[in-house]
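*Asks:* So that you have it, the file is work19.pdb, and it contains PDB, C-alpha atoms:
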ATOM      1  CA  MET A 273      22.265  -5.212   2.336
ATOM      2  CA  THR A 274      20.550  -4.474   5.656
ATOM      3  CA  LEU A 275      17.057  -3.049   5.953
ATOM      4  CA  LEU A 276      18.532   0.249   7.112
ATOM      5  CA  GLN A 277      20.729   0.455   4.002
ATOM      6  CA  LEU A 278      17.704  -0.265   1.847
ATOM      7  CA  PHE A 279      15.745   2.532   3.555
ATOM      8  CA  ARG A 280      18.737   4.857   3.117
ATOM      9  CA  TRP A 281      18.662   4.023  -0.586
ATOM     10  CA  PHE A 282      14.890   4.775  -0.704
ATOM     11  CA  ASP A 283      15.552   8.076   1.047
ATOM     12  CA  ASN A 284      18.195   8.984  -1.539
ATOM     13  CA  THR A 285      16.127   8.264  -4.657
ATOM     14  CA  GLY A 286      15.535  11.189  -6.991
ATOM     15  CA  ILE A 287      11.797  11.119  -6.275
ATOM     16  CA  GLY A 288      12.359  11.131  -2.518
ATOM     17  CA  GLN A 289      14.823  14.021  -2.665
ATOM     18  CA  GLY A 290      12.662  15.955  -5.103
ATOM     19  CA  ILE A 291       9.593  15.786  -2.860
ATOM     20  CA  ARG A 292      11.637  16.608   0.235
ATOM     21  CA  GLY A 293      13.182  19.614  -1.460
ATOM     22  CA  SER A 294       9.871  21.198  -2.429
ATOM     23  CA  THR A 295       7.333  22.999  -0.256
ATOM     24  CA  TYR A 296       4.389  21.931  -2.392
ATOM     25  CA  TRP A 297       4.972  18.381  -3.609
ATOM     26  CA  PHE A 298       4.362  16.660  -0.279
ATOM     27  CA  PRO A 299       1.064  18.455   0.520
ATOM     28  CA  ALA A 300      -0.085  18.027  -3.103
ATOM     29  CA  ILE A 301       0.561  14.269  -3.086
ATOM     30  CA  GLU A 302      -0.744  13.806   0.442
ATOM     31  CA  VAL A 303      -4.060  15.417  -0.404
ATOM     32  CA  VAL A 304      -4.584  12.863  -3.203
ATOM     33  CA  HIS A 305      -3.670  10.184  -0.626
ATOM     34  CA  LEU A 306      -6.413  11.600   1.636
ATOM     35  CA  LEU A 307      -8.968  11.659  -1.220
ATOM     36  CA  GLY A 308      -8.079   8.014  -1.864
ATOM     37  CA  LEU A 309      -8.650   7.256   1.827
ATOM     38  CA  THR A 310     -12.088   8.890   1.728
ATOM     39  CA  LEU A 311     -13.061   6.835  -1.302
ATOM     40  CA  LEU A 312     -11.662   3.648   0.265
ATOM     41  CA  TYR A 313     -13.333   4.135   3.665
ATOM     42  CA  GLY A 314     -16.657   4.859   1.988
ATOM     43  CA  ALA A 315     -16.379   1.751  -0.214
ATOM     44  CA  VAL A 316     -15.364  -0.479   2.715
ATOM     45  CA  LEU A 317     -18.201   0.905   4.858
ATOM     46  CA  VAL A 318     -20.880   0.426   2.182
ATOM     47  CA  VAL A 319     -19.967  -3.242   1.690
ATOM     48  CA  ASP A 320     -19.160  -4.192   5.295
ATOM     49  CA  LEU A 321     -22.206  -2.412   6.727
ATOM     50  CA  ARG A 322     -24.287  -4.301   4.153
ATOM     51  CA  VAL A 323     -22.860  -7.646   5.297
ATOM     52  CA  LEU A 324     -23.831  -6.671   8.862
ATOM     53  CA  GLY A 325     -27.365  -5.875   7.663
ATOM     54  CA  PHE A 326     -27.055  -2.070   7.733
ATOM     55  CA  GLY A 327     -26.955   0.633   5.077
ATOM     56  CA  LEU A 328     -27.902  -0.838   1.681
ATOM     57  CA  SER A 329     -29.708  -3.697   3.433
ATOM     58  CA  LYS A 330     -32.511  -4.021   0.846
ATOM     59  CA  GLN A 331     -29.960  -5.046  -1.809
ATOM     60  CA  PRO A 332     -28.197  -8.445  -1.920
ATOM     61  CA  VAL A 333     -24.600  -8.443  -0.628
ATOM     62  CA  HIS A 334     -23.056  -9.761  -3.833
ATOM     63  CA  ARG A 335     -24.840  -7.163  -5.973
ATOM     64  CA  VAL A 336     -23.641  -4.302  -3.751
ATOM     65  CA  ALA A 337     -20.091  -5.702  -3.630
ATOM     66  CA  GLN A 338     -19.958  -6.245  -7.387
ATOM     67  CA  GLN A 339     -20.854  -2.595  -8.033
ATOM     68  CA  VAL A 340     -18.574  -1.170  -5.325
ATOM     69  CA  THR A 341     -15.425  -3.282  -5.909
ATOM     70  CA  PRO A 342     -14.101  -1.314  -8.946
ATOM     71  CA  TYR A 343     -14.030   1.799  -6.738
ATOM     72  CA  THR A 344     -12.385  -0.091  -3.864
ATOM     73  CA  ILE A 345      -9.612  -1.119  -6.251
ATOM     74  CA  LEU A 346      -9.363   2.398  -7.689
ATOM     75  CA  ALA A 347      -9.024   3.770  -4.145
ATOM     76  CA  ILE A 348      -6.324   1.233  -3.221
ATOM     77  CA  VAL A 349      -4.407   2.072  -6.414
ATOM     78  CA  MET A 350      -4.691   5.817  -5.634
ATOM     79  CA  MET A 351      -3.399   5.235  -2.111
ATOM     80  CA  LEU A 352      -0.468   3.055  -3.183
ATOM     81  CA  ALA A 353       0.487   5.343  -6.087
ATOM     82  CA  THR A 354       0.644   8.344  -3.729
ATOM     83  CA  GLY A 355       1.796   6.467  -0.620
ATOM     84  CA  VAL A 356       4.995   5.176  -2.244
ATOM     85  CA  PRO A 357       6.372   8.635  -3.201
ATOM     86  CA  LEU A 358       5.379  10.016   0.224
ATOM     87  CA  PHE A 359       7.290   7.144   1.814
ATOM     88  CA  LEU A 360      10.356   7.702  -0.417
ATOM     89  CA  SER A 361      10.516  11.333   0.716
ATOM     90  CA  GLU A 362      10.849  10.338   4.368
ATOM     91  CA  ALA A 363      12.017   6.715   4.309
ATOM     92  CA  LEU A 364      14.647   7.163   7.022
ATOM     93  CA  LYS A 365      12.155   8.898   9.302
ATOM     94  CA  CYS A 366       9.736   6.002   8.692
ATOM     95  CA  TYR A 367      12.422   3.439   9.523
ATOM     96  CA  GLU A 368      12.529   4.680  13.100
ATOM     97  CA  ASN A 369       8.797   5.367  13.353
ATOM     98  CA  GLN A 370       6.783   2.700  15.201
ATOM     99  CA  ALA A 371       3.503   3.967  13.751
ATOM    100  CA  PHE A 372       4.877   3.377  10.247
ATOM    101  CA  TRP A 373       5.599  -0.296  10.990
ATOM    102  CA  PHE A 374       2.210  -0.706  12.656
ATOM    103  CA  LYS A 375       0.587   0.783   9.569
ATOM    104  CA  MET A 376       2.531  -1.434   7.159
ATOM    105  CA  GLY A 377       1.698  -4.564   9.173
ATOM    106  CA  SER A 378      -1.989  -3.636   9.241
ATOM    107  CA  LEU A 379      -1.932  -2.746   5.554
ATOM    108  CA  LEU A 380      -0.423  -6.086   4.572
ATOM    109  CA  LEU A 381      -3.065  -7.936   6.631
ATOM    110  CA  ALA A 382      -5.871  -5.725   5.291
ATOM    111  CA  LEU A 383      -4.845  -6.282   1.662
ATOM    112  CA  VAL A 384      -4.455 -10.052   2.052
ATOM    113  CA  PHE A 385      -7.782 -10.295   3.899
ATOM    114  CA  GLN A 386      -9.528  -8.061   1.352
ATOM    115  CA  PHE A 387      -8.473 -10.139  -1.655
ATOM    116  CA  THR A 388      -8.903 -13.587  -0.087
ATOM    117  CA  VAL A 389     -11.477 -14.150   2.678
ATOM    118  CA  HIS A 390     -13.403 -10.917   2.184
ATOM    119  CA  ARG A 391     -13.660 -11.406  -1.572
ATOM    120  CA  LYS A 392     -15.238 -14.825  -1.022
ATOM    121  CA  VAL A 393     -17.618 -13.578   1.669
ATOM    122  CA  VAL A 394     -19.094 -10.822  -0.498
ATOM    123  CA  LYS A 395     -19.567 -13.147  -3.487
ATOM    124  CA  SER A 396     -22.074 -15.260  -1.588
ATOM    125  CA  ASP A 397     -25.724 -14.860  -2.549
ATOM    126  CA  GLN A 398     -26.906 -16.332   0.783
ATOM    127  CA  PRO A 399     -27.912 -14.202   3.785
ATOM    128  CA  PRO A 400     -24.715 -13.427   5.765
ATOM    129  CA  THR A 401     -23.826 -15.924   8.505
ATOM    130  CA  ALA A 402     -22.291 -14.993  11.867
ATOM    131  CA  GLY A 403     -18.868 -15.903  10.454
ATOM    132  CA  MET A 404     -19.331 -13.585   7.470
ATOM    133  CA  LYS A 405     -20.404 -10.785   9.775
ATOM    134  CA  ALA A 406     -17.289 -11.328  11.884
ATOM    135  CA  GLY A 407     -15.303 -11.022   8.634
ATOM    136  CA  ALA A 408     -16.936  -7.660   7.890
ATOM    137  CA  VAL A 409     -16.115  -6.365  11.379
ATOM    138  CA  PHE A 410     -12.526  -7.600  11.026
ATOM    139  CA  SER A 411     -12.211  -5.905   7.625
ATOM    140  CA  MET A 412     -13.367  -2.551   9.060
ATOM    141  CA  PHE A 413     -11.047  -3.020  12.045
ATOM    142  CA  LEU A 414      -8.015  -3.688   9.806
ATOM    143  CA  TRP A 415      -8.643  -0.630   7.613
ATOM    144  CA  LEU A 416      -9.202   1.453  10.750
ATOM    145  CA  CYS A 417      -5.766   0.321  12.014
ATOM    146  CA  VAL A 418      -4.198   1.328   8.687
ATOM    147  CA  GLY A 419      -5.777   4.794   8.926
ATOM    148  CA  LEU A 420      -4.894   5.298  12.595
ATOM    149  CA  GLY A 421      -1.332   4.094  12.001
ATOM    150  CA  GLY A 422      -0.975   6.438   9.031
ATOM    151  CA  ARG A 423      -2.206   9.445  10.955
ATOM    152  CA  ALA A 424       0.052   8.554  13.878
ATOM    153  CA  ILE A 425       3.223   8.586  11.712
ATOM    154  CA  ALA A 426       3.091  12.375  11.846
ATOM    155  CA  PHE A 427       2.604  12.455  15.619
ATOM    156  CA  VAL A 428       4.912   9.863  17.216
TER     157      VAL A 428
ATOM    158  CA  MET B 221     -16.336  43.695  18.280
ATOM    159  CA  THR B 222     -15.106  42.358  14.940
ATOM    160  CA  LEU B 223     -15.197  38.768  13.742
ATOM    161  CA  PHE B 224     -11.451  38.621  14.285
ATOM    162  CA  ASP B 225     -11.901  39.684  17.941
ATOM    163  CA  ILE B 226     -14.338  36.812  18.438
ATOM    164  CA  CYS B 227     -11.862  34.370  16.884
ATOM    165  CA  GLN B 228      -9.065  35.716  19.072
ATOM    166  CA  TYR B 229     -11.318  35.411  22.122
ATOM    167  CA  LEU B 230     -12.167  31.759  21.301
ATOM    168  CA  GLN B 231      -8.527  30.864  20.745
ATOM    169  CA  ASP B 232      -7.566  32.488  24.075
ATOM    170  CA  THR B 233     -10.211  30.721  26.175
ATOM    171  CA  ASN B 234      -8.984  28.044  28.573
ATOM    172  CA  PHE B 235     -10.538  25.373  26.378
ATOM    173  CA  GLY B 236      -8.895  26.657  23.199
ATOM    174  CA  THR B 237      -5.494  27.095  24.778
ATOM    175  CA  SER B 238      -5.394  23.748  26.533
ATOM    176  CA  LEU B 239      -6.543  21.886  23.401
ATOM    177  CA  ARG B 240      -3.943  23.657  21.245
ATOM    178  CA  GLU B 241      -1.146  22.945  23.680
ATOM    179  CA  SER B 242      -2.158  19.408  24.612
ATOM    180  CA  GLN B 243       0.231  16.689  23.547
ATOM    181  CA  TYR B 244      -2.498  14.060  23.092
ATOM    182  CA  MET B 245      -5.861  15.797  22.771
ATOM    183  CA  PHE B 246      -5.087  17.795  19.624
ATOM    184  CA  PRO B 247      -3.829  14.763  17.639
ATOM    185  CA  LEU B 248      -6.767  12.696  18.917
ATOM    186  CA  VAL B 249      -9.347  15.289  17.895
ATOM    187  CA  GLU B 250      -7.629  15.662  14.528
ATOM    188  CA  THR B 251      -7.709  11.882  14.064
ATOM    189  CA  ALA B 252     -11.428  11.837  14.896
ATOM    190  CA  HIS B 253     -11.867  14.579  12.288
ATOM    191  CA  VAL B 254     -10.168  12.458   9.586
ATOM    192  CA  LEU B 255     -12.123   9.305  10.530
ATOM    193  CA  GLY B 256     -15.384  11.289  10.543
ATOM    194  CA  LEU B 257     -14.414  12.478   7.070
ATOM    195  CA  GLY B 258     -14.011   8.893   5.883
ATOM    196  CA  ALA B 259     -17.455   7.962   7.186
ATOM    197  CA  SER B 260     -19.367  11.074   6.116
ATOM    198  CA  VAL B 261     -17.845  12.184   2.810
ATOM    199  CA  GLY B 262     -16.900   8.565   2.089
ATOM    200  CA  LEU B 263     -20.626   7.726   2.136
ATOM    201  CA  ILE B 264     -21.883  10.977   0.553
ATOM    202  CA  ILE B 265     -19.710  10.026  -2.450
ATOM    203  CA  TRP B 266     -21.951   6.985  -3.053
ATOM    204  CA  THR B 267     -25.105   9.065  -3.351
ATOM    205  CA  ASP B 268     -23.203  11.442  -5.650
ATOM    206  CA  LEU B 269     -21.801   8.638  -7.809
ATOM    207  CA  ARG B 270     -25.318   7.185  -8.093
ATOM    208  CA  LEU B 271     -26.778  10.586  -9.023
ATOM    209  CA  ILE B 272     -24.249  11.153 -11.811
ATOM    210  CA  GLY B 273     -24.752   7.570 -12.971
ATOM    211  CA  ALA B 274     -21.190   6.348 -12.305
ATOM    212  CA  ALA B 275     -21.972   3.629  -9.753
ATOM    213  CA  LEU B 276     -24.774   1.540  -8.189
ATOM    214  CA  ARG B 277     -26.809   1.943 -11.379
ATOM    215  CA  LYS B 278     -28.776  -1.201 -10.571
ATOM    216  CA  GLU B 279     -30.185   0.417  -7.425
ATOM    217  CA  PRO B 280     -32.723   3.269  -7.210
ATOM    218  CA  ALA B 281     -30.850   6.500  -6.311
ATOM    219  CA  ILE B 282     -33.352   7.453  -3.623
ATOM    220  CA  GLU B 283     -32.856   4.077  -1.897
ATOM    221  CA  VAL B 284     -29.090   4.509  -1.884
ATOM    222  CA  HIS B 285     -29.519   8.008  -0.461
ATOM    223  CA  SER B 286     -32.059   7.152   2.241
ATOM    224  CA  GLN B 287     -30.396   3.936   3.406
ATOM    225  CA  LEU B 288     -26.950   5.494   3.789
ATOM    226  CA  LYS B 289     -28.228   8.750   5.297
ATOM    227  CA  PRO B 290     -28.176   7.796   9.026
ATOM    228  CA  TRP B 291     -24.557   6.591   8.677
ATOM    229  CA  MET B 292     -23.550   9.732   6.831
ATOM    230  CA  ALA B 293     -25.191  11.767   9.562
ATOM    231  CA  ALA B 294     -23.266   9.889  12.268
ATOM    232  CA  GLY B 295     -19.959  10.473  10.466
ATOM    233  CA  PHE B 296     -20.886  14.086   9.842
ATOM    234  CA  THR B 297     -21.648  14.666  13.533
ATOM    235  CA  LEU B 298     -18.209  13.311  14.478
ATOM    236  CA  MET B 299     -16.565  15.452  11.817
ATOM    237  CA  PHE B 300     -18.540  18.564  12.778
ATOM    238  CA  ILE B 301     -17.926  18.355  16.541
ATOM    239  CA  SER B 302     -14.208  17.619  16.113
ATOM    240  CA  GLY B 303     -14.004  20.375  13.481
ATOM    241  CA  ILE B 304     -15.553  22.953  15.829
ATOM    242  CA  MET B 305     -13.043  21.945  18.518
ATOM    243  CA  LEU B 306     -10.097  22.274  16.129
ATOM    244  CA  PHE B 307     -11.367  25.670  14.952
ATOM    245  CA  TRP B 308     -11.863  26.842  18.530
ATOM    246  CA  SER B 309      -8.242  26.113  19.391
ATOM    247  CA  GLU B 310      -6.807  28.004  16.397
ATOM    248  CA  ALA B 311      -9.574  30.441  15.489
ATOM    249  CA  ALA B 312      -7.461  33.588  15.180
ATOM    250  CA  LYS B 313      -4.854  31.811  13.063
ATOM    251  CA  LEU B 314      -7.574  30.352  10.825
ATOM    252  CA  TYR B 315      -9.260  33.747  10.422
ATOM    253  CA  ASN B 316      -6.262  34.830   8.362
ATOM    254  CA  SER B 317      -5.895  31.608   6.392
ATOM    255  CA  ASP B 318      -6.936  31.819   2.731
ATOM    256  CA  THR B 319      -7.102  28.046   2.428
ATOM    257  CA  PHE B 320      -9.496  27.889   5.395
ATOM    258  CA  ARG B 321     -11.706  30.543   3.777
ATOM    259  CA  ALA B 322     -11.729  28.505   0.567
ATOM    260  CA  LYS B 323     -12.683  25.418   2.583
ATOM    261  CA  LEU B 324     -15.618  27.245   4.191
ATOM    262  CA  ILE B 325     -16.861  28.428   0.787
ATOM    263  CA  PHE B 326     -16.825  24.869  -0.611
ATOM    264  CA  LEU B 327     -18.491  23.599   2.584
ATOM    265  CA  THR B 328     -21.262  26.214   2.312
ATOM    266  CA  VAL B 329     -21.917  25.444  -1.364
ATOM    267  CA  ALA B 330     -22.016  21.701  -0.548
ATOM    268  CA  GLY B 331     -24.592  22.380   2.192
ATOM    269  CA  VAL B 332     -26.786  24.642   0.044
ATOM    270  CA  ASN B 333     -26.577  22.126  -2.818
ATOM    271  CA  ALA B 334     -27.767  19.298  -0.531
ATOM    272  CA  LEU B 335     -30.561  21.478   0.868
ATOM    273  CA  ILE B 336     -31.772  22.392  -2.635
ATOM    274  CA  PHE B 337     -31.766  18.707  -3.585
ATOM    275  CA  GLU B 338     -33.786  17.674  -0.495
ATOM    276  CA  THR B 339     -36.324  20.489  -0.946
ATOM    277  CA  ARG B 340     -36.798  19.894  -4.672
ATOM    278  CA  GLU B 341     -37.007  16.135  -4.229
ATOM    279  CA  SER B 342     -39.668  16.373  -1.519
ATOM    280  CA  LYS B 343     -41.754  18.586  -3.864
ATOM    281  CA  THR B 344     -41.297  16.819  -7.199
ATOM    282  CA  GLY B 345     -40.189  13.287  -6.301
ATOM    283  CA  GLU B 346     -38.409  13.206  -9.663
ATOM    284  CA  VAL B 347     -35.497  11.084  -8.419
ATOM    285  CA  ALA B 348     -37.741   8.714  -6.444
ATOM    286  CA  ARG B 349     -39.702   7.832  -9.606
ATOM    287  CA  ILE B 350     -36.639   6.498 -11.408
ATOM    288  CA  GLN B 351     -35.677   2.925 -10.500
ATOM    289  CA  LEU B 352     -32.653   2.184 -12.683
ATOM    290  CA  GLY B 353     -29.970   3.864 -14.776
ATOM    291  CA  ASP B 354     -29.776   7.553 -15.697
ATOM    292  CA  LEU B 355     -31.385  10.395 -13.758
ATOM    293  CA  PRO B 356     -32.615  13.835 -14.914
ATOM    294  CA  ALA B 357     -29.920  16.433 -15.707
ATOM    295  CA  ARG B 358     -30.759  18.448 -12.556
ATOM    296  CA  ALA B 359     -30.090  15.442 -10.333
ATOM    297  CA  LYS B 360     -26.812  14.746 -12.137
ATOM    298  CA  LEU B 361     -25.791  18.360 -11.565
ATOM    299  CA  THR B 362     -26.478  17.941  -7.832
ATOM    300  CA  GLY B 363     -24.134  14.942  -7.796
ATOM    301  CA  TRP B 364     -21.334  16.736  -9.669
ATOM    302  CA  VAL B 365     -21.561  19.887  -7.522
ATOM    303  CA  SER B 366     -21.460  17.770  -4.363
ATOM    304  CA  LEU B 367     -18.437  15.734  -5.528
ATOM    305  CA  ILE B 368     -16.477  18.826  -6.568
ATOM    306  CA  CYS B 369     -17.336  20.711  -3.367
ATOM    307  CA  TRP B 370     -16.301  17.864  -1.070
ATOM    308  CA  ILE B 371     -13.033  17.435  -2.966
ATOM    309  CA  GLY B 372     -12.522  21.187  -2.435
ATOM    310  CA  VAL B 373     -13.303  20.881   1.285
ATOM    311  CA  ILE B 374     -10.795  18.023   1.704
ATOM    312  CA  VAL B 375      -8.021  19.651  -0.356
ATOM    313  CA  PHE B 376      -8.267  23.051   1.319
ATOM    314  CA  GLY B 377      -8.870  21.493   4.735
ATOM    315  CA  ARG B 378      -5.668  19.477   4.497
ATOM    316  CA  TRP B 379      -3.703  22.441   3.178
ATOM    317  CA  THR B 380      -5.009  24.594   6.028
ATOM    318  CA  ALA B 381      -3.367  22.180   8.459
ATOM    319  CA  TYR B 382      -0.069  22.636   6.594
ATOM    320  CA  GLY B 383      -0.415  26.406   6.909
ATOM    321  CA  LEU B 384      -0.117  26.823   3.127
ATOM    322  CA  LYS B 385      -1.249  30.228   1.901
TER     323      LYS B 385
END
Would you put the structure from the file into structure tokens?

*Replies:*
Amino acid sequence: MTLLQLFRWFDNTGIGQGIRGSTYWFPAIEVVHLLGLTLLYGAVLVVDLRVLGFGLSKQPVHRVAQQVTPYTILAIVMMLATGVPLFLSEALKCYENQAFWFKMGSLLLALVFQFTVHRKVVKSDQPPTAGMKAGAVFSMFLWLCVGLGGRAIAFV
Amino acid sequence: MTLFDICQYLQDTNFGTSLRESQYMFPLVETAHVLGLGASVGLIIWTDLRLIGAALRKEPAIEVHSQLKPWMAAGFTLMFISGIMLFWSEAAKLYNSDTFRAKLIFLTVAGVNALIFETRESKTGEVARIQLGDLPARAKLTGWVSLICWIGVIVFGRWTAYGLK
């Protein structure tokens, strides 16, 4: 099975066809996707700004991260749970869309970075080092790429 | 001159027309609007969640609010300027949009709610006195109203772009 055949199969799923055939399903699901993005960007900003010494700078990094992380995970779950049906409804369009592949590449990197390096960085109870600060900047950059790529799917 | 005439005039200006018809500028301004949303509402949420007692309970609410405020304001400025530009380019169309009207109502209530909170807090200092855990019912109400209003702004804002009635 080629990738194109797989995407054709995605496009033909009942969920994909159902969303495509309705005026309201796509906007309804996409708005939850956007609410998830707002929650995610806020959570990422609070933690990464803190690592850089901004925002909640009077509180220790690990204490901020510990309290924010459940919401980061909630936001990621919201985005995946709504992103998958949105994708199914236009899988063939996505297959030929460069912004979609850019977004997926960035997303994969962002998720791996978030749950490996970033997770370790924000657990530290020491003042952030230059390396940790670089990690925070990289984390914001990756999520920015995901957002820009996502927005661009509709425009390219 | 009616409000609609003003909207039509704005939309027909050189600035409005060229933005609306531009292949790159309109998407770029719209993207700035979404990113500004992430930074402003994304951060406002944290004050709201602290006020209702759902997150950051180990930190004083007033600290959360005051430390995040400059960043919220930066995001809000980006969102506001890009929002004015988007409105300018489609003002007459938006005048007739029910979803846009709903968005403006939620936005106004969110603004008034924040203003009431700031005014009351500067007089009573009731939130500033509390270091940890639960806040007075009035402060919780502020948080809930803000959360609901911003969800309303986002939902109706997105639907306005789809041209849903």

*Asks:* Residues of chain B were defined as contacting chain A if any atom lay at most 6 Å from it, counting all atoms listed in the file; please report them as JSON, numbers by chain.

*Replies:* {"B": [258, 262, 263, 276, 287, 288, 375]}

*Asks:* Of the candidates B:Glu310, B:Asp268, B:Glu279, B:Glu338, which one gets nearest to B:Thr233 if we count all atoms listed in the file?

*Replies:* B:Glu310

*Asks:* If you measure from atom CA of B:Thr344 to atom CA of B:Pro356, what distance in Å do you get, rounded to one decimal?

*Replies:*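 Atom CA of B:Thr344 sits 12.0 Å away from atom CA of B:Pro356.
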
*Asks:* Which distance in Å separates atom CA of B:Gly273 and atom CA of B:Asp354, to one decimal?

*Replies:*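 One can read the atom CA of B:Gly273 to atom CA of B:Asp354 distance as 5.7 Å.
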
*Asks:* Evaluate the PyMOL selection byres ((chain B and resi 250) around 10) and record the selected residues as a tab-separated table (two decimals) with C-alpha atoms, keeping the file's coordinate frame, following the chain and residue labels used in the document.

*Replies:*
chain	number	residue	atom	x	y	z
A	423	ARG	CA	-2.21	9.44	10.96
B	245	MET	CA	-5.86	15.80	22.77
B	246	PHE	CA	-5.09	17.80	19.62
B	247	PRO	CA	-3.83	14.76	17.64
B	248	LEU	CA	-6.77	12.70	18.92
B	249	VAL	CA	-9.35	15.29	17.90
B	251	THR	CA	-7.71	11.88	14.06
B	252	ALA	CA	-11.43	11.84	14.90
B	253	HIS	CA	-11.87	14.58	12.29
B	254	VAL	CA	-10.17	12.46	9.59
B	255	LEU	CA	-12.12	9.30	10.53
B	256	GLY	CA	-15.38	11.29	10.54
B	299	MET	CA	-16.57	15.45	11.82
B	302	SER	CA	-14.21	17.62	16.11
B	303	GLY	CA	-14.00	20.38	13.48
B	305	MET	CA	-13.04	21.94	18.52
B	306	LEU	CA	-10.10	22.27	16.13
B	381	ALA	CA	-3.37	22.18	8.46

*Asks:* May I ask which of the residues A:Met412, A:Cys366, A:Thr401, A:Gly325 is the closest one to A:Leu381, counting only C-alpha atoms?

*Replies:* A:Met412

*Asks:* Near B:Ala348, within 8 Å and counting only C-alpha atoms, which residues show up once chain neighbours fewer than 4 positions away are dropped, as a ChimeraX atom specification?

*Replies:* /B:280-282,341

*Asks:* Report the distance between atom CA of A:Pro399 and atom CA of A:Trp415 in Å, rounded to one decimal place.

*Replies:*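 That distance, rounded to one decimal, is 23.9 Å.
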
*Asks:* List the residues sitting within 8 Å of (5.1, 3.2, 4.7) in the file's frame, using all atoms listed in the file, as a PyMOL selection string.

*Replies:* chain A and resi 355-356+359+363+366+372-373+375-376

*Asks:* Residues of stretch 344-385 of chain B that approach stretch 322-326 of chain B to 6 Å or less, counting all atoms listed in the file: could you list each one with the shortest pair of atoms and its distance in Å to one decimal, rows by chain and increasing residue number, as a Markdown table?

*Replies:*
| residue | atom | partner | partner_atom | distance |
| --- | --- | --- | --- | --- |
| B:Cys369 | CA | B:Phe326 | CA | 5.0 |
| B:Gly372 | CA | B:Phe326 | CA | 5.9 |
| B:Val373 | CA | B:Lys323 | CA | 4.8 |
| B:Phe376 | CA | B:Lys323 | CA | 5.2 |
| B:Gly377 | CA | B:Lys323 | CA | 5.9 |

*Asks:* Extending 3 Å beyond the listed atoms of stretch 243-249 of chain B on each side, what axis-aligned box results? I want centre and edge lengths in Å to one decimal, as JSON.

*Replies:*
{"center_x": -4.6, "center_y": 15.2, "center_z": 20.6, "size_x": 15.6, "size_y": 11.1, "size_z": 11.9}

*Asks:* Closest to B:Val261 among B:Arg240, B:Arg340, B:Lys278, B:Lys289, using only C-alpha atoms?

*Replies:*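 Between B:Arg240, B:Arg340, B:Lys278, B:Lys289, the residue approaching B:Val261 most closely is B:Lys289.
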
*Asks:* Show me as an mmCIF file with C-alpha atoms, keeping the file's coordinate frame the residues that reach within 12 Å of (-7.3, -7.1, 0.1), counting all atoms listed in the file and using the file's own coordinates.

*Replies:*
data_model
loop_
_atom_site.group_PDB
_atom_site.id
_atom_site.type_symbol
_atom_site.label_atom_id
_atom_site.label_comp_id
_atom_site.auth_asym_id
_atom_site.auth_seq_id
_atom_site.Cartn_x
_atom_site.Cartn_y
_atom_site.Cartn_z
ATOM 1 C CA LEU A 312 -11.662 3.648 0.265
ATOM 2 C CA VAL A 316 -15.364 -0.479 2.715
ATOM 3 C CA THR A 341 -15.425 -3.282 -5.909
ATOM 4 C CA THR A 344 -12.385 -0.091 -3.864
ATOM 5 C CA ILE A 345 -9.612 -1.119 -6.251
ATOM 6 C CA ALA A 347 -9.024 3.770 -4.145
ATOM 7 C CA ILE A 348 -6.324 1.233 -3.221
ATOM 8 C CA VAL A 349 -4.407 2.072 -6.414
ATOM 9 C CA SER A 378 -1.989 -3.636 9.241
ATOM 10 C CA LEU A 379 -1.932 -2.746 5.554
ATOM 11 C CA LEU A 380 -0.423 -6.086 4.572
ATOM 12 C CA LEU A 381 -3.065 -7.936 6.631
ATOM 13 C CA ALA A 382 -5.871 -5.725 5.291
ATOM 14 C CA LEU A 383 -4.845 -6.282 1.662
ATOM 15 C CA VAL A 384 -4.455 -10.052 2.052
ATOM 16 C CA PHE A 385 -7.782 -10.295 3.899
ATOM 17 C CA GLN A 386 -9.528 -8.061 1.352
ATOM 18 C CA PHE A 387 -8.473 -10.139 -1.655
ATOM 19 C CA THR A 388 -8.903 -13.587 -0.087
ATOM 20 C CA VAL A 389 -11.477 -14.150 2.678
ATOM 21 C CA HIS A 390 -13.403 -10.917 2.184
ATOM 22 C CA ARG A 391 -13.660 -11.406 -1.572
ATOM 23 C CA LYS A 392 -15.238 -14.825 -1.022
ATOM 24 C CA SER A 411 -12.211 -5.905 7.625
ATOM 25 C CA MET A 412 -13.367 -2.551 9.060
ATOM 26 C CA LEU A 414 -8.015 -3.688 9.806
ATOM 27 C CA TRP A 415 -8.643 -0.630 7.613
#

*Asks:* Name the residues that the PyMOL selection byres ((chain A and resi 368) around 12) pulls out of this structure, and write them as an MDAnalysis selection string.

*Replies:* chainID A and resid 275:276 279:280 362:367 369:374 425 428

*Asks:* Output C-alpha atoms for every residue in that selection, as a compact mmCIF listing (two decimals), in the frame of the given file.

*Replies:*
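New file part-v9.txt:
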# COMPACT_ATOMS: atom_id res chain seq x y z
CA LEU A 275 17.06 -3.05 5.95
CA LEU A 276 18.53 0.25 7.11
CA PHE A 279 15.74 2.53 3.56
CA ARG A 280 18.74 4.86 3.12
CA GLU A 362 10.85 10.34 4.37
CA ALA A 363 12.02 6.72 4.31
CA LEU A 364 14.65 7.16 7.02
CA LYS A 365 12.16 8.90 9.30
CA CYS A 366 9.74 6.00 8.69
CA TYR A 367 12.42 3.44 9.52
CA ASN A 369 8.80 5.37 13.35
CA GLN A 370 6.78 2.70 15.20
CA ALA A 371 3.50 3.97 13.75
CA PHE A 372 4.88 3.38 10.25
CA TRP A 373 5.60 -0.30 10.99
CA PHE A 374 2.21 -0.71 12.66
CA ILE A 425 3.22 8.59 11.71
CA VAL A 428 4.91 9.86 17.22

*Asks:* I need the residue nearest B:Gln231 from this list: B:Leu314, B:His285, B:Leu269, B:Leu257. Use all atoms listed in the file for the distance.

*Replies:* B:Leu314
